[in-house]
Amino acid sequence: MVLVIDPQIAGISGDMILSSLVHLGANKSKIINGVNASQNFLHGSKIKKIDFKKVNKHGIQATSLILQIDEHHHERKGIEIQSCIKKTADKIGLSESAKMFATNSITTLIKAESKIHGVPMDSVHFHEASSIDTVIDIVGTAIALDDLNCLNEEVITMPVSVGSGTVTFSHGTVSNPAGAILEIFDKSKILISGSNVKDELTTPTGASILVNLADRCSEFYPMMNIKSIGYGAGQKNFEGFSNVLKIIHGESAKNTRLDSVTILETNVDDISGEVLAHVIDKIMANGAKDVSVIQTITKKGRPSHMISVICDSDSVSQLLNLLVSETGTLGVRIRTSDRFLVPRQIITMRVKINNKIFTLRCKVANIDSHKQFKVEYDDIKSISEKLALSFKQTEELIKAEVKKQLK
């Protein structure tokens, strides 16, 4: 199963994700009873009313969190909110994975504030996040995810809309997205995008929940059979779009998964085969997933080569510099592409060939209940040299042994 979170238009907040999970089918009573327990661990805060109701947001029927609280605190230490979340999670008997999710979510928020203000984590003071509604958002979401059995499933997020303009809070007016949002998404590999909406669409609590829930970010929906859809309404209303977070729960396509890669391409018409071979080796040694060289004809009938590199976004800068320095190219094309992958694992096994024991690595994939495998080239080459056999002979002997072990 797979859970897809879609904050591309309306962004994400804590109450939006909680409400969307309730719309998806999470037990409303269990959530309300669970978060009510948090009042015992946060002095000076009382939940007067909490409920979920159906609302219409610009033509979309969604679920909205209805919350009335009585509290007079305008500032609290982050560790007070953290302690409340941990004690509540223990009190209501959340699963270990749900406890970890809830604890990591509040810790992410504290770390972001710690870095922005240059103070130790135990000295961080919350202002906007000091209310018990932060606890409700995080603990309620953890309860909902537990109830729906989603914490052990793959979770994919679409790129997150953050809005634009400025936002005013306890520290004054700053450009949107504010520093906390940027720190939370930093190094998360979750894509964010602005929009022409002059308002904050993504809150620090929503961002903290998302980075601790999503396994990866994708610009496209995965291949899936949709089982249920949840719409969680935000508190604001906007012209031109529904302020609603979508969550889709479904069954992922059998034997495939989707990830995103960056592709670098350049055409070169003035380098030798030896240089190309060197470029391939160097690119692979510096983090590329794959590299290919294709013969082409370019302008004025020049024979040339197109070098195509597949890599992670983290490797783009280094590989760009390598392409330019090693080939002398004056331009590199860059694009992002989603790709379908058959899940596989690399296992290490011992095989006996000609009465000698060797250790090798083997890539194994399950396709329609049938195991397909590929032995690492370097291992076949090494064993063939040690046995003084041809590569082809060695490969055939190894495959026969691997098949026996994979039955």
# chains A, B, ... in the order shown; residues from 1 in each chain; ligands from 1
call {"tool": "select_by_dssp", "arguments": {"residues": "range 117-306 of chain A", "states": "strand (DSSP E)", "output": "VMD selection string"}}
result
chain A and resid 125 to 126 154 to 157 160 to 161 166 to 169 172 to 175 192 to 193 216 to 217 224 to 233 244 to 252 257 to 268 290 to 297 303 to 306
call {"tool": "write_last_selection", "arguments": {"atoms": "C-alpha atoms", "output": "PDB file, in the first residue's frame"}}
result
ATOM      1  CA  HIS A 125      11.079  29.322  23.153  1.00  0.00           C
ATOM      2  CA  PHE A 126       7.957  28.784  21.073  1.00  0.00           C
ATOM      3  CA  GLU A 154       5.358   3.898   1.642  1.00  0.00           C
ATOM      4  CA  VAL A 155       4.507   7.600   1.951  1.00  0.00           C
ATOM      5  CA  ILE A 156       5.069   9.893  -1.025  1.00  0.00           C
ATOM      6  CA  THR A 157       4.635  13.652  -0.987  1.00  0.00           C
ATOM      7  CA  VAL A 160       4.837  21.608  -1.356  1.00  0.00           C
ATOM      8  CA  SER A 161       3.316  25.011  -2.072  1.00  0.00           C
ATOM      9  CA  THR A 166       5.426  38.288   3.725  1.00  0.00           C
ATOM     10  CA  VAL A 167       4.405  36.807   7.050  1.00  0.00           C
ATOM     11  CA  THR A 168       4.216  38.655  10.367  1.00  0.00           C
ATOM     12  CA  PHE A 169       4.711  36.868  13.681  1.00  0.00           C
ATOM     13  CA  GLY A 172       8.347  40.799  13.160  1.00  0.00           C
ATOM     14  CA  THR A 173       7.709  40.686   9.430  1.00  0.00           C
ATOM     15  CA  VAL A 174       9.773  38.430   7.183  1.00  0.00           C
ATOM     16  CA  SER A 175       9.559  37.181   3.624  1.00  0.00           C
ATOM     17  CA  ILE A 192       8.922  23.385  -2.332  1.00  0.00           C
ATOM     18  CA  SER A 193       7.448  25.993  -4.660  1.00  0.00           C
ATOM     19  CA  ARG A 216      10.316  10.623  -0.735  1.00  0.00           C
ATOM     20  CA  CYS A 217       9.075  13.436  -2.939  1.00  0.00           C
ATOM     21  CA  MET A 224      -1.598   2.877  -7.982  1.00  0.00           C
ATOM     22  CA  ASN A 225      -5.131   1.630  -7.476  1.00  0.00           C
ATOM     23  CA  ILE A 226      -6.959   4.257  -5.416  1.00  0.00           C
ATOM     24  CA  LYS A 227      -8.756   2.891  -2.355  1.00  0.00           C
ATOM     25  CA  SER A 228      -9.763   6.086  -0.526  1.00  0.00           C
ATOM     26  CA  ILE A 229      -9.249   9.869  -0.642  1.00  0.00           C
ATOM     27  CA  GLY A 230      -9.147  12.345   2.229  1.00  0.00           C
ATOM     28  CA  TYR A 231      -9.632  16.106   1.982  1.00  0.00           C
ATOM     29  CA  GLY A 232      -8.425  18.189   4.924  1.00  0.00           C
ATOM     30  CA  ALA A 233      -9.566  21.824   5.042  1.00  0.00           C
ATOM     31  CA  VAL A 244      -7.612  21.758   0.963  1.00  0.00           C
ATOM     32  CA  LEU A 245      -4.910  19.132   1.431  1.00  0.00           C
ATOM     33  CA  LYS A 246      -5.461  15.875  -0.454  1.00  0.00           C
ATOM     34  CA  ILE A 247      -4.314  12.497   0.817  1.00  0.00           C
ATOM     35  CA  ILE A 248      -4.747   9.415  -1.341  1.00  0.00           C
ATOM     36  CA  HIS A 249      -4.495   5.894   0.022  1.00  0.00           C
ATOM     37  CA  GLY A 250      -4.061   3.097  -2.468  1.00  0.00           C
ATOM     38  CA  GLU A 251      -2.379  -0.049  -3.607  1.00  0.00           C
ATOM     39  CA  SER A 252       0.869   0.549  -5.452  1.00  0.00           C
ATOM     40  CA  ARG A 257       8.072   1.762  -7.380  1.00  0.00           C
ATOM     41  CA  LEU A 258       8.693   5.316  -8.522  1.00  0.00           C
ATOM     42  CA  ASP A 259      11.625   7.562  -7.781  1.00  0.00           C
ATOM     43  CA  SER A 260      13.052  10.739  -9.247  1.00  0.00           C
ATOM     44  CA  VAL A 261      16.462  11.250 -10.869  1.00  0.00           C
ATOM     45  CA  THR A 262      18.331  14.085 -12.556  1.00  0.00           C
ATOM     46  CA  ILE A 263      19.621  13.652 -16.100  1.00  0.00           C
ATOM     47  CA  LEU A 264      22.620  15.608 -17.402  1.00  0.00           C
ATOM     48  CA  GLU A 265      23.300  15.644 -21.142  1.00  0.00           C
ATOM     49  CA  THR A 266      25.910  17.273 -23.320  1.00  0.00           C
ATOM     50  CA  ASN A 267      27.136  16.904 -26.920  1.00  0.00           C
ATOM     51  CA  VAL A 268      30.869  16.787 -27.649  1.00  0.00           C
ATOM     52  CA  ASP A 290      24.677   5.437 -14.783  1.00  0.00           C
ATOM     53  CA  VAL A 291      26.315   7.057 -17.793  1.00  0.00           C
ATOM     54  CA  SER A 292      25.930   6.346 -21.485  1.00  0.00           C
ATOM     55  CA  VAL A 293      27.617   7.660 -24.618  1.00  0.00           C
ATOM     56  CA  ILE A 294      25.655   7.753 -27.891  1.00  0.00           C
ATOM     57  CA  GLN A 295      27.092   8.474 -31.331  1.00  0.00           C
ATOM     58  CA  THR A 296      25.288  11.345 -33.060  1.00  0.00           C
ATOM     59  CA  ILE A 297      25.532  13.720 -35.998  1.00  0.00           C
ATOM     60  CA  PRO A 303      30.259  13.227 -35.976  1.00  0.00           C
ATOM     61  CA  SER A 304      29.870  13.660 -32.227  1.00  0.00           C
ATOM     62  CA  HIS A 305      28.867  11.933 -28.988  1.00  0.00           C
ATOM     63  CA  MET A 306      26.074  12.669 -26.559  1.00  0.00           C
TER      64      MET A 306
END
call {"tool": "select_by_dssp", "arguments": {"residues": "range 125-329 of chain A", "states": "alpha helix (DSSP H)", "output": "count of residues only"}}
result
58
call {"tool": "closest_residue", "arguments": {"among": "A:Thr298, A:Gln405, A:Ser45, A:Asn27", "to": "Met349 in chain A", "atoms": "only C-alpha atoms"}}
result
A:Gln405
call {"tool": "atom_distance", "arguments": {"atom1": "CA of Asn243 in chain A", "atom2": "CA of Ile69 in chain A"}}
result
23.1 Å
call {"tool": "atom_distance", "arguments": {"atom1": "CA of Lys115 in chain A", "atom2": "CA of Pro204 in chain A"}}
result
13.9 Å
call {"tool": "residues_around", "arguments": {"residues": "Ala285 in chain A", "least_positions_apart": "4", "cutoff": "12 Å", "atoms": "only C-alpha atoms", "output": "list of chain:residue names"}}
result
A:His278, A:Val279, A:Ile280, A:Asp281, A:Lys289, A:Asp290, A:Val291, A:Cys311, A:Ser315, A:Gln318, A:Leu319, A:Leu322
call {"tool": "residues_around", "arguments": {"residues": "Gln372 in chain A", "least_positions_apart": "4", "cutoff": "12 Å", "atoms": "only C-alpha atoms", "output": "list in words"}}
result
Val342, Pro343, Arg344, Gln345, Ile346, Cys362, Lys363, Val364, Ala365, Asn366, Ile367, Asp368, Lys399, Val402, Lys403, Leu406 and Lys407 of chain A
call {"tool": "decode", "arguments": {"residues": "range 280-388 of chain A", "atoms": "C-alpha atoms", "output": "short mmCIF file (atom, residue, chain, number, x, y, z; two decimals), in the first residue's frame"}}
result
data_model
loop_
_atom_site.label_atom_id
_atom_site.label_comp_id
_atom_site.auth_asym_id
_atom_site.auth_seq_id
_atom_site.Cartn_x
_atom_site.Cartn_y
_atom_site.Cartn_z
CA ILE A 280 32.85 7.53 -17.93
CA ASP A 281 35.11 6.08 -15.22
CA LYS A 282 35.43 9.39 -13.41
CA ILE A 283 31.70 10.17 -13.52
CA MET A 284 30.79 6.75 -12.13
CA ALA A 285 33.40 7.10 -9.40
CA ASN A 286 31.82 10.39 -8.31
CA GLY A 287 28.30 9.23 -7.59
CA ALA A 288 26.49 8.83 -10.92
CA LYS A 289 23.91 6.07 -11.11
CA ASP A 290 24.68 5.44 -14.78
CA VAL A 291 26.31 7.06 -17.79
CA SER A 292 25.93 6.35 -21.49
CA VAL A 293 27.62 7.66 -24.62
CA ILE A 294 25.66 7.75 -27.89
CA GLN A 295 27.09 8.47 -31.33
CA THR A 296 25.29 11.35 -33.06
CA ILE A 297 25.53 13.72 -36.00
CA THR A 298 25.30 17.39 -35.05
CA LYS A 299 25.34 20.66 -37.00
CA LYS A 300 27.41 20.86 -40.18
CA GLY A 301 27.43 17.07 -40.34
CA ARG A 302 29.91 16.72 -37.49
CA PRO A 303 30.26 13.23 -35.98
CA SER A 304 29.87 13.66 -32.23
CA HIS A 305 28.87 11.93 -28.99
CA MET A 306 26.07 12.67 -26.56
CA ILE A 307 27.04 11.96 -22.96
CA SER A 308 24.02 11.23 -20.76
CA VAL A 309 24.39 10.96 -16.97
CA ILE A 310 21.76 9.74 -14.50
CA CYS A 311 22.29 10.92 -10.94
CA ASP A 312 20.71 12.06 -7.66
CA SER A 313 20.04 15.76 -7.15
CA ASP A 314 22.80 15.83 -4.51
CA SER A 315 25.43 14.90 -7.13
CA VAL A 316 24.42 17.41 -9.80
CA SER A 317 26.89 20.18 -8.96
CA GLN A 318 29.92 17.89 -8.72
CA LEU A 319 29.07 16.00 -11.91
CA LEU A 320 28.40 19.21 -13.83
CA ASN A 321 31.85 20.46 -12.93
CA LEU A 322 33.36 17.12 -14.00
CA LEU A 323 31.63 17.19 -17.39
CA VAL A 324 32.83 20.71 -18.08
CA SER A 325 36.41 20.21 -16.86
CA GLU A 326 36.97 16.80 -18.43
CA THR A 327 35.27 17.32 -21.81
CA GLY A 328 35.56 21.06 -22.35
CA THR A 329 31.85 21.29 -23.15
CA LEU A 330 30.31 24.76 -23.02
CA GLY A 331 26.81 23.66 -22.04
CA VAL A 332 24.99 20.89 -20.19
CA ARG A 333 21.26 20.20 -20.34
CA ILE A 334 19.57 19.33 -17.02
CA ARG A 335 16.16 17.79 -16.45
CA THR A 336 14.36 15.84 -13.76
CA SER A 337 12.70 12.55 -14.61
CA ASP A 338 10.60 10.08 -12.66
CA ARG A 339 11.37 6.43 -13.28
CA PHE A 340 9.70 3.15 -12.41
CA LEU A 341 11.88 0.63 -10.64
CA VAL A 342 11.41 -3.02 -9.87
CA PRO A 343 12.31 -3.39 -6.17
CA ARG A 344 15.55 -5.27 -5.74
CA GLN A 345 18.09 -6.12 -3.09
CA ILE A 346 21.79 -6.80 -3.21
CA ILE A 347 22.74 -9.92 -1.30
CA THR A 348 26.13 -11.41 -0.53
CA MET A 349 26.53 -15.14 -0.96
CA ARG A 350 29.25 -17.78 -0.98
CA VAL A 351 29.59 -20.10 -3.97
CA LYS A 352 31.77 -23.11 -4.65
CA ILE A 353 33.44 -23.15 -8.07
CA ASN A 354 36.01 -25.83 -8.99
CA ASN A 355 36.33 -26.80 -5.31
CA LYS A 356 37.11 -23.24 -4.27
CA ILE A 357 34.88 -20.96 -2.16
CA PHE A 358 34.22 -17.40 -3.33
CA THR A 359 32.12 -14.55 -1.93
CA LEU A 360 30.15 -12.46 -4.43
CA ARG A 361 27.40 -9.86 -4.62
CA CYS A 362 24.16 -10.54 -6.43
CA LYS A 363 21.27 -8.22 -7.31
CA VAL A 364 17.95 -10.05 -6.85
CA ALA A 365 14.42 -8.98 -7.88
CA ASN A 366 11.10 -10.79 -7.48
CA ILE A 367 9.00 -10.59 -10.64
CA ASP A 368 5.69 -12.47 -10.73
CA SER A 369 6.91 -14.88 -8.02
CA HIS A 370 10.03 -15.58 -10.05
CA LYS A 371 13.47 -14.50 -8.86
CA GLN A 372 15.67 -12.75 -11.38
CA PHE A 373 19.27 -12.05 -10.51
CA LYS A 374 22.42 -10.46 -11.82
CA VAL A 375 25.88 -11.11 -10.39
CA GLU A 376 28.18 -8.10 -10.05
CA TYR A 377 30.52 -7.79 -13.03
CA ASP A 378 33.57 -7.05 -10.87
CA ASP A 379 33.03 -10.23 -8.87
CA ILE A 380 32.76 -12.41 -11.98
CA LYS A 381 35.89 -10.80 -13.38
CA SER A 382 37.84 -11.34 -10.16
CA ILE A 383 36.81 -15.00 -9.88
CA SER A 384 37.59 -15.69 -13.56
CA GLU A 385 41.11 -14.35 -13.05
CA LYS A 386 41.65 -16.46 -9.94
CA LEU A 387 40.43 -19.60 -11.72
CA ALA A 388 42.22 -18.81 -15.00
#
